[in-house]
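Beneath this line is the structure, given in structure tokens, with notes to follow.
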Amino acid sequence: NHPMLGAVAEWLPSAVAGLALSPTSIGGQDLLFWPRIPDTFETTEIVKYASATQGTKHGDAAIAWRLLIGANSTKKVMIRALVPPGSTATLRLPVVPHTWRRIMSASILPDFDLAKSTAKTKCDLRRRKKKFGFPFHWEYDRISEMWHRVNRTKEIGTSCQSFLFQVSEDTIEWIDINDGVERTGDVSLQAGFYEVSIGNWKIRPDVEQIPGYTQYDGSMGSYCSDPSTFDWDPMDAEHLV
């Protein structure tokens, strides 16, 4: 019962992008949108956008988010989510003090087939440049019987923007649905296309580096609030996120 790379493959869309099926969902009828937006200096330099698409019997569900940096280094998060017909979704937004948010719904769905085609064309062009993929790989030398690193950017691993941000903007009429939506907690969404803006996004200092298991010195460090108990505090695992 060892998932190998399956655990990472599940974590990327469900946690980084933020698209998962509700634990009680049948046939993808109930979705959970829960993106983990980076909020430290190091993570925002590595991850600036993510997206995921999940096929269901009702159609594709999708989410995409971007971290935008404007004038004077002001930061804003933009999230787009697509809930297919016959499905419902729970949108779990990050609770960050002193931020503002705006939730809008499209009154008419745009041409997603055209958006997917446009996104694929742009992604194919980006891949062919071989500048945005994995920066190195490992090769085995049969003579020396050793692995060595080859610093050469590859096509594989190229990141591409979601089709949700490739829709024709002039065909969308957004309706503000902030009224009646609590600032904190989950937001219930019906079938449709949504855009969420979160402004004044705060960036925290990076978490102090944690020694590995092979360098364990017997101290639980500052990331364990109470080593005398087995009670788990989510903040204790903050360095893992």
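By convention here, the chains of the structure tokens are called A, B, ... in the order presented, each chain's residues are numbered starting at 1, and ligands are numbered starting at 1 in the order presented.
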- Task: Show which residues sit within 12 Å of A:Ile203, as a list of chain:residue names. Count only C-alpha atoms, and ignore same-chain residues fewer than 5 positions away.
- Result: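 Final neighbour list, sorted by chain and number: A:Ile37, A:Pro38, A:Asp39, A:Thr40, A:Phe41, A:Glu42, A:Thr43, A:Thr44, A:Glu45, A:Leu67, A:Ile69, A:Ser73, A:Thr74, A:Lys75, A:Lys76, A:Val77, A:Val96, A:Pro97, A:Thr99.
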Just N, CA, C and O atoms for this one: save the residues we selected as a CSV table (one decimal), in the first residue's frame.
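Wrote result28.csv, looks like this:
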chain,number,residue,atom,x,y,z
A,37,ILE,N,-2.7,29.5,-1.0
A,37,ILE,CA,-1.9,30.6,-1.7
A,37,ILE,C,-0.6,30.9,-0.9
A,37,ILE,O,-0.7,31.0,0.3
A,38,PRO,N,0.5,31.0,-1.6
A,38,PRO,CA,1.8,31.2,-0.8
A,38,PRO,C,1.7,32.6,-0.1
A,38,PRO,O,1.2,33.6,-0.6
A,39,ASP,N,2.3,32.6,1.1
A,39,ASP,CA,2.3,33.9,1.8
A,39,ASP,C,3.6,34.1,2.5
A,39,ASP,O,3.7,34.8,3.5
A,40,THR,N,4.7,33.5,2.1
A,40,THR,CA,6.0,33.8,2.6
A,40,THR,C,6.9,34.3,1.4
A,40,THR,O,6.6,34.0,0.2
A,41,PHE,N,8.0,34.9,1.7
A,41,PHE,CA,8.9,35.5,0.7
A,41,PHE,C,9.4,34.3,-0.2
A,41,PHE,O,9.5,34.5,-1.4
A,42,GLU,N,9.8,33.2,0.4
A,42,GLU,CA,10.4,32.2,-0.4
A,42,GLU,C,9.4,31.5,-1.3
A,42,GLU,O,9.7,31.2,-2.5
A,43,THR,N,8.2,31.2,-0.8
A,43,THR,CA,7.2,30.4,-1.6
A,43,THR,C,6.7,31.3,-2.7
A,43,THR,O,6.4,30.8,-3.8
A,44,THR,N,6.6,32.6,-2.5
A,44,THR,CA,6.0,33.5,-3.5
A,44,THR,C,7.0,33.6,-4.7
A,44,THR,O,6.6,34.0,-5.8
A,45,GLU,N,8.3,33.4,-4.4
A,45,GLU,CA,9.3,33.4,-5.5
A,45,GLU,C,9.3,32.2,-6.3
A,45,GLU,O,9.6,32.2,-7.5
A,67,LEU,N,-0.9,35.0,-8.3
A,67,LEU,CA,-0.5,36.0,-7.4
A,67,LEU,C,0.1,37.1,-8.2
A,67,LEU,O,1.1,37.0,-8.9
A,69,ILE,N,1.6,41.0,-8.6
A,69,ILE,CA,2.4,42.0,-7.9
A,69,ILE,C,2.3,43.3,-8.7
A,69,ILE,O,2.7,43.4,-9.8
A,73,SER,N,5.0,47.2,-5.0
A,73,SER,CA,5.0,45.8,-4.5
A,73,SER,C,3.7,45.3,-3.8
A,73,SER,O,3.7,44.4,-3.0
A,74,THR,N,2.6,46.0,-4.1
A,74,THR,CA,1.3,45.6,-3.6
A,74,THR,C,1.0,44.2,-4.2
A,74,THR,O,1.2,44.0,-5.4
A,75,LYS,N,0.4,43.4,-3.4
A,75,LYS,CA,0.1,42.0,-3.9
A,75,LYS,C,-1.4,41.7,-3.9
A,75,LYS,O,-2.1,42.1,-2.9
A,76,LYS,N,-1.9,41.0,-4.9
A,76,LYS,CA,-3.3,40.7,-5.0
A,76,LYS,C,-3.4,39.3,-5.5
A,76,LYS,O,-2.6,38.8,-6.4
A,77,VAL,N,-4.4,38.5,-5.1
A,77,VAL,CA,-4.6,37.2,-5.5
A,77,VAL,C,-5.9,37.2,-6.3
A,77,VAL,O,-6.9,37.8,-5.9
A,96,VAL,N,-7.0,36.0,6.0
A,96,VAL,CA,-5.8,36.8,6.2
A,96,VAL,C,-6.3,38.2,6.7
A,96,VAL,O,-7.1,38.8,6.1
A,97,PRO,N,-5.8,38.6,7.9
A,97,PRO,CA,-6.2,39.9,8.4
A,97,PRO,C,-5.9,41.1,7.5
A,97,PRO,O,-4.9,41.0,6.7
A,99,THR,N,-7.1,42.1,4.7
A,99,THR,CA,-7.2,42.0,3.3
A,99,THR,C,-8.7,42.3,2.9
A,99,THR,O,-9.6,42.2,3.8
Stretch 61-98 of chain A near stretch 160-173 of chain A within 8 Å: what's each residue's closest atom pair and its distance in Å to one decimal, counting only C-alpha atoms, ordered by chain then ascending residue number, as JSON lines?
{"residue": "A:Ala62", "atom": "CA", "partner": "A:Leu164", "partner_atom": "CA", "distance": 7.9}
{"residue": "A:Ile63", "atom": "CA", "partner": "A:Leu164", "partner_atom": "CA", "distance": 7.6}
{"residue": "A:Ala64", "atom": "CA", "partner": "A:Ser162", "partner_atom": "CA", "distance": 6.2}
{"residue": "A:Arg80", "atom": "CA", "partner": "A:Leu164", "partner_atom": "CA", "distance": 6.6}
{"residue": "A:Ala81", "atom": "CA", "partner": "A:Leu164", "partner_atom": "CA", "distance": 7.8}
Dump of C-alpha atoms for the selected residues, as a PDB file, in the first residue's frame:
ATOM      1  CA  ALA A  62     -11.566  23.685 -12.750  1.00  0.00           C
ATOM      2  CA  ILE A  63      -9.750  26.203 -10.595  1.00  0.00           C
ATOM      3  CA  ALA A  64      -6.862  28.574 -11.285  1.00  0.00           C
ATOM      4  CA  ARG A  80     -11.193  31.668 -10.996  1.00  0.00           C
ATOM      5  CA  ALA A  81     -13.371  28.598 -10.493  1.00  0.00           C
TER       6      ALA A  81
END
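In this model, the gap between atom CA of A:Arg102 and atom CA of A:Ser197 comes to 5.1 Å.
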- Message: At a cut-off of 8 Å, using only C-alpha atoms, what residues contact A:His148? Leave out same-chain residues fewer than 2 positions from it and give the result as an MDAnalysis selection string.
- Response: chainID A and resid 138:141 146 150
- For A:Gly27, the closest of A:Thr56, A:Ser117, A:Gln190, A:Thr88 counting only C-alpha atoms is A:Thr56
- Distance atom CA of A:Ile46-atom CA of A:Trp147, one decimal place?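 Atom CA of A:Trp147 lies 26.5 Å from atom CA of A:Ile46.
Atom CA of A:Gly6 sits 26.6 Å away from atom CA of A:Arg126.
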